[in-house]
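Peer 1: So that we are looking at the same thing, I have put the structure below in C-alpha cells.
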Amino acid sequence: MARLSLRGIKKSFKAVDVLHGIDLEVNDRELIVFVGPSGCGKSTLLRLIAGLDPITEGEFWLNDRLMNQIAPSRRGIAMVFQSYALYPHMNVYENMAFGARLMGLDKAEVEARIAEAARMLRLEPLLERKPRELSGGQRQRVAIGRALVRKPQLLLLDEPLSNLDAALRSEVRLEIARLHREIGGTTIYVTHDQVEAMTLADRIVVINAGRIEQFGTPRELYETPANTFVANFIGSPRMAMLEVERQGERLVAPGIGEVAPDRLPQGTEKDILLGVRPDGMTLTPGADGTGFAASVVYTEYLGDSAFVYVSMAGGPPISVRCGPETHLSPDMPVRIHVLPGKAHYFSRSTGQRLAI
Amino acid sequence: MLSSKLTGRNLWIAALVVPPIAFMSLFLVYPILSAFAYAFYEWRGLVRGDFIWFDNFYRVLFEFPFSERTINAFSHNIFVFFALMVLQNGVGFLLAYCLWRELWGARFHRVAVFLPVVLSTVIVGLLWKLFLHPLFGAVNVSLRAMGLGFLAQPWLGQDSTALMAIIVANAWHMVGFPTLVFLAGMQRIPSEILDAVRMETESEWVKMSKIVWPLVAPSATVVFTLLFVGAFNWFELPYVMGGIDGSPHGATDVLGLYFYRTAFGSMSASAENFGPGSALAVLIFLIIAIVSSVITIRLRKREIQL
C-alpha cells in the first residue's frame, strides 16, 4: 500500500531554482512515469522522493506520513539507478542480501526473499557472480532484484533502460511491465523517452523546466494534450503545428490555404495554433484544390506505411502518414487535408489547449 | 632479429636509455652486489681477508653479542611497522574519510594534513625533540597547563616511551601520504554507489566498513608496501631523536641504526666491523624484498574493478 502526495515541492541548488512547485497525487499500485527533456528536473524530483537530496520547500507525504525529514533508508523506498550502482566487491547474492540484512530481517527471511527475487528475475544461475562478470541486462536485473528484496512501498527507477542497447531495451521494458503486474507495488519510473513512457505507464507526468505540464493516462496525453509542449513531446513523429486565423467557420493560413474543419474551438480567440498528428491528415498530389498547399521534402518508407515529410511555405517539415504505395518525388506540390475529429487547437498566446 | 643498423631513431633511444642504466648500475646494482659479496669475506678494518662462507651471517644471527642486538633491533622494526600501520595508515584513512565527506574546513585541513610530509625528516626530528623536551617541551607544558601534570614524562629519556614517541613523530610527519592516497581512492567511487548505500542504511559505520573501505582497499596495497619498506629502512628519525646507539639502552634501536653502527663504527661498537655489517645489510634487503613482494602479490588479488 503506498499513496504518494507531493504538495508544492520546490527545489533550488543555491541560486538556481530547479523545481517550481510540484503537486502530485499518486494512487496505490500505480506505475507512474516522469517524462521530459533532459534537464527538466525529473531526476531531481525522483531524488527528492528518495530522500537523497533535501526538499527546499513543500511537503512529501507517503501514506499519510510526512517524509521531508526522514532518512532515505527509513522511507520504505527502493531505487534502481541509471548505472545500476551494484556493489562491485560483492557477488549477486550479497548485493541483494546487503540491504535486506540491514533491515534486520532474519537469515531465513533474507534467503527466502532472495530466492523469490532470483526466480522472478531469472538470476538463479548468476548468484555467485561479481557484477563485472555480468552483461548490462543482467546487471539491470540484479539492480531491480536488490530493490525488490527490500519489499519497498515505493519503487523508483531512474532511466533504467538508458544503458542498454536497443534490442535489449524493449525486452527489459516488457520485463518491467510484467514485474509491476506481478508485484503490484507503486512504482515511479523516470525516462526521457516518450515511447517508454507511453508503453509502460498507468499515468504519465510530463515535466518541463521544473513544472508539470500535464498529468494523465497515455491516452489522455495523446488525445487531449494540455498544451503545445505536451502535444509536441508525446507522439512520434511529432504533431504538425500551423498558425491559422479563424474566419467564421474556416481556418485560414495566409499564403498556404484554408480548411473548414468539422469542429472548431469554443471561445472567440482568433489567433489559433492548429495541431494535427501524422495520422490525422491526408494528402493529394497537385497544386490545386482545397486544403493547405505544401511541397514534398522526402519520404520515409516503413513497409506497412510511409511518412511523407512536407513543407508549407518553406516552414519546418511536418510528417503525414500515408499508405505504403505512396510515391512522391521531392519538390512535388501537394495539398494537405485534415481528417474529421483529428484537429487540436491551442491558443497562440498561451500555448494552452482550446476546448472544442 | 635484432637490427644491427643504428638509425637515427635507435641512436636517440640509446642516447636516452644508456645514461640512466649506467647510473643505476653504478650507484644501485653495483653497491648491492658488492655488499652481497662483502658479506662473505672476513674484514680487518677496511682490508679484505679470506672468503668465510656464511660466518658473518652466523655471527649476526646466533653469536653473542651480535645476535641479541639483532633480535632487539628486529623486534623494534616489527613493532614500528604495526604501530605505524595503526597510527599512520589507520588515522590516515579516518582523516581521508573526514576530508572526503567535506566536513567543516575540509579545504584548509586537506592542505594542513599534507604539509608535514614535505618537511625534511631531520627538521621533523628536531622539532619533535623540542616538543618532547621534559622541562619546556610543548607536550609537557600543555599537559601541566591542563592540570594533567602527572602525565608529563621524559618521553625520549625512558625506554618505556622512547620508541613510541618517535613513532608518533613519524606518524605526524607522514600521515598526509596515506591520507592523500585513500582520499584519491574514495573520490574514485561512483556517486551512484554511495547513493545506493544511502538508500539502504544511514549508519556511517556500515557505509565506511562495508562499502568505502573495500572499494578503497586497492589503494591500500601501495600504502602498506611502502610502509613496510619504510619501517624496515627506518633510520633518519630514530637517528635524530634517539641517537646512533638507539638510546636509552637500545630502546629505540632498529636494524638501520644497528647496521650503520656495526659497519661504520660508533661509541658502543667501537671500530667498524665490515663483515657482520654487510651481512646485516643483506639480511635487511632480503627481508624487505621478500615480504614486500608477498604483500603486493597477496593484496593485488583483492583489488576490485570499479
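To be explicit about the labels: the chains of the C-alpha cells are called A, B, and onward in the order shown, and within each one the residues are counted from 1, while ligands get numbers from 1 in the order they are shown.
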For chain A against chain B, with a cut-off of 7 Å and counting only C-alpha atoms, what is the closest atom pair and its distance in Å to one decimal for every residue that makes the cut, ordered by chain and number, as JSON lines?

Peer 2:
{"residue": "A:Leu52", "atom": "CA", "partner": "B:Asp195", "partner_atom": "CA", "distance": 6.8}
{"residue": "A:Ala71", "atom": "CA", "partner": "B:Glu202", "partner_atom": "CA", "distance": 6.9}
{"residue": "A:Pro72", "atom": "CA", "partner": "B:Met199", "partner_atom": "CA", "distance": 5.1}
{"residue": "A:Ser73", "atom": "CA", "partner": "B:Met199", "partner_atom": "CA", "distance": 4.5}
{"residue": "A:Ala78", "atom": "CA", "partner": "B:Met199", "partner_atom": "CA", "distance": 6.6}
{"residue": "A:Phe81", "atom": "CA", "partner": "B:Glu192", "partner_atom": "CA", "distance": 6.9}
{"residue": "A:Ala85", "atom": "CA", "partner": "B:Ile193", "partner_atom": "CA", "distance": 4.6}
{"residue": "A:Leu86", "atom": "CA", "partner": "B:Ile193", "partner_atom": "CA", "distance": 6.7}
{"residue": "A:Tyr87", "atom": "CA", "partner": "B:Ile193", "partner_atom": "CA", "distance": 6.8}
{"residue": "A:Pro88", "atom": "CA", "partner": "B:Leu306", "partner_atom": "CA", "distance": 6.1}
{"residue": "A:His89", "atom": "CA", "partner": "B:Ile304", "partner_atom": "CA", "distance": 6.3}
{"residue": "A:Gly99", "atom": "CA", "partner": "B:Glu200", "partner_atom": "CA", "distance": 5.2}
{"residue": "A:Leu102", "atom": "CA", "partner": "B:Thr201", "partner_atom": "CA", "distance": 6.8}

Peer 1: Suppose we keep N, CA and C atoms; can you now write the selection as a CSV table (one decimal), in the first residue's frame?

Peer 2:
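again24.csv written:
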chain,number,residue,atom,x,y,z
A,52,LEU,N,17.4,11.5,-1.3
A,52,LEU,CA,18.9,11.7,-1.5
A,52,LEU,C,19.3,13.1,-1.5
A,71,ALA,N,15.2,9.8,6.9
A,71,ALA,CA,16.4,9.4,6.1
A,71,ALA,C,15.9,8.4,5.0
A,72,PRO,N,16.7,8.4,3.9
A,72,PRO,CA,16.3,7.6,2.7
A,72,PRO,C,16.1,6.2,3.1
A,73,SER,N,16.9,5.6,4.0
A,73,SER,CA,16.8,4.2,4.3
A,73,SER,C,15.6,3.9,5.1
A,78,ALA,N,12.8,1.9,-2.4
A,78,ALA,CA,14.0,1.4,-3.0
A,78,ALA,C,14.1,2.0,-4.4
A,81,PHE,N,19.2,2.5,-10.0
A,81,PHE,CA,19.9,3.7,-10.5
A,81,PHE,C,20.2,3.4,-12.0
A,85,ALA,N,24.6,0.9,-10.2
A,85,ALA,CA,25.2,1.1,-8.9
A,85,ALA,C,25.3,-0.2,-8.0
A,86,LEU,N,25.6,-1.3,-8.6
A,86,LEU,CA,25.9,-2.5,-7.9
A,86,LEU,C,27.2,-2.4,-7.1
A,87,TYR,N,27.2,-3.0,-5.9
A,87,TYR,CA,28.5,-3.0,-5.2
A,87,TYR,C,29.5,-3.9,-5.8
A,88,PRO,N,30.6,-3.4,-6.4
A,88,PRO,CA,31.5,-4.2,-7.2
A,88,PRO,C,32.2,-5.3,-6.5
A,89,HIS,N,32.3,-5.2,-5.2
A,89,HIS,CA,33.1,-6.2,-4.4
A,89,HIS,C,32.2,-7.3,-3.9
A,99,GLY,N,21.2,-5.0,1.7
A,99,GLY,CA,20.1,-4.1,2.2
A,99,GLY,C,19.1,-4.9,3.1
A,102,LEU,N,20.4,-5.4,6.5
A,102,LEU,CA,20.4,-4.1,7.2
A,102,LEU,C,19.0,-3.7,7.8

Peer 1: If we count only C-alpha atoms and set the cut-off at 8 Å, which residues sit around Leu148 (chain A), ignoring sequence neighbours fewer than 4 positions away in its own chain? Please answer as a VMD selection string.

Peer 2: chain A and resid 78 117 144 152

Peer 1: List the spatial neighbours of Val168 (chain B) as a list in words - criterion: any atom at most 12 Å away, only C-alpha atoms, same-chain residues fewer than 6 positions off excluded.

Peer 2: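 My list of contacting residues is Val80, Ala83, Leu84, Met85, Val86, Leu87, Gln88, Val91, Val124, Gly125, Trp128, Lys129, Phe131, Leu132, Trp155, Leu156, Thr161, Ala162, Met174, Val175, Leu237, Pro238 and Met241 of chain B.
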
Peer 1: Excluding Lys301 (chain B) and residues on its chain fewer than 6 positions from it, collect all residues at most 12 Å away from it, counting only C-alpha atoms, and give them as a ChimeraX atom specification.

Peer 2: /B:217-218,221,294-295

Peer 1: Give me, as a list in words, all polymer residues having an atom no more than 10 Å from Ser83 (chain A), counting only C-alpha atoms and skipping those fewer than 3 positions away in the same chain.

Peer 2: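 The residues satisfying every condition are Val80, Leu86, Gly136, Arg139, Gln140, Ala143, Asp158, Glu159, Pro160, Leu161, Ser162 and Asn163 of chain A; Pro190, Glu192 and Ile193 of chain B.
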
Peer 1: Out of region 144-319 of chain A, which residues get strand (DSSP E or B) from DSSP, as a count of residues only?

Peer 2: 69

Peer 1: Which of these residues is nearest to Glu171 (chain A), using only C-alpha atoms: A:Arg141, A:Asp53, A:Gly184, A:Asn27?

Peer 2: A:Arg141

Peer 1: Please compute the CA of Gly104 (chain A)-CA of Leu179 (chain A) distance, one decimal, in Å.

Peer 2: 25.3 Å

Peer 1: If we count only C-alpha atoms, what is near Ser236 (chain A) at a cut-off of 9 Å, once residues fewer than 6 positions away on the same chain are taken out, given as a list in words?

Peer 2: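 The residues satisfying every condition are Gln194, Val195, Arg277 and Pro278 of chain A.
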
Peer 1: Grab the CA of Arg75 (chain A) to CA of Asn95 (chain A) distance for me, in Å with one decimal place.

Peer 2: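 Taking CA of Arg75 (chain A) and CA of Asn95 (chain A), their separation equals 19.9 Å.
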
Peer 1: Could you tell me, as a short mmCIF file (atom, residue, chain, number, x, y, z; two decimals) with C-alpha atoms, in the first residue's frame, which residues of region 33-111 of chain B DSSP assigns to alpha helix (DSSP H) when given the backbone?

Peer 2:
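Output saved as part-v8.cif:
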data_model
loop_
_atom_site.label_atom_id
_atom_site.label_comp_id
_atom_site.auth_asym_id
_atom_site.auth_seq_id
_atom_site.Cartn_x
_atom_site.Cartn_y
_atom_site.Cartn_z
CA LEU B 33 76.05 -6.77 -5.39
CA SER B 34 79.27 -5.74 -3.68
CA ALA B 35 77.54 -5.68 -0.29
CA PHE B 36 76.42 -9.21 -1.06
CA ALA B 37 80.00 -10.13 -1.82
CA TYR B 38 81.48 -8.33 1.20
CA ASP B 55 80.32 -16.98 9.08
CA ASN B 56 79.27 -13.31 9.12
CA PHE B 57 75.60 -14.24 8.89
CA TYR B 58 76.05 -16.80 11.62
CA ARG B 59 77.68 -14.26 13.90
CA VAL B 60 75.00 -11.67 13.31
CA LEU B 61 72.16 -14.09 13.89
CA PHE B 62 73.42 -16.52 16.51
CA PHE B 66 75.52 -9.56 17.83
CA SER B 67 72.53 -11.88 17.97
CA GLU B 68 70.98 -10.20 21.00
CA ARG B 69 71.19 -6.78 19.37
CA THR B 70 69.92 -8.09 16.06
CA ILE B 71 66.86 -9.60 17.70
CA ASN B 72 66.27 -6.45 19.75
CA ALA B 73 66.50 -4.21 16.67
CA PHE B 74 64.45 -6.56 14.52
CA SER B 75 61.63 -6.76 17.07
CA HIS B 76 61.59 -2.96 17.21
CA ASN B 77 61.24 -2.77 13.43
CA ILE B 78 58.27 -5.12 13.60
CA PHE B 79 56.71 -3.06 16.37
CA VAL B 80 57.28 0.12 14.37
CA PHE B 81 55.58 -1.43 11.35
CA PHE B 82 52.45 -2.43 13.26
CA ALA B 83 52.29 0.76 15.30
CA LEU B 84 52.58 2.87 12.18
CA VAL B 91 44.44 7.63 11.15
CA GLY B 92 45.17 8.44 7.51
CA PHE B 93 42.08 6.51 6.46
CA LEU B 94 39.90 8.28 9.01
CA LEU B 95 41.30 11.67 8.00
CA ALA B 96 40.69 10.86 4.35
CA TYR B 97 37.10 9.88 5.17
CA CYS B 98 36.52 13.16 7.00
CA LEU B 99 38.08 15.20 4.21
CA TRP B 100 36.06 13.30 1.63
CA ALA B 106 37.91 20.38 4.65
CA ARG B 107 39.73 22.63 2.22
CA PHE B 108 42.06 24.00 4.90
CA HIS B 109 42.62 20.62 6.50
CA ARG B 110 43.47 18.97 3.20
CA VAL B 111 46.50 21.26 2.97
#

Peer 1: Hey, can you check how far CA of Ser349 (chain A) sits from CA of Leu251 (chain A)?

Peer 2: 16.9 Å
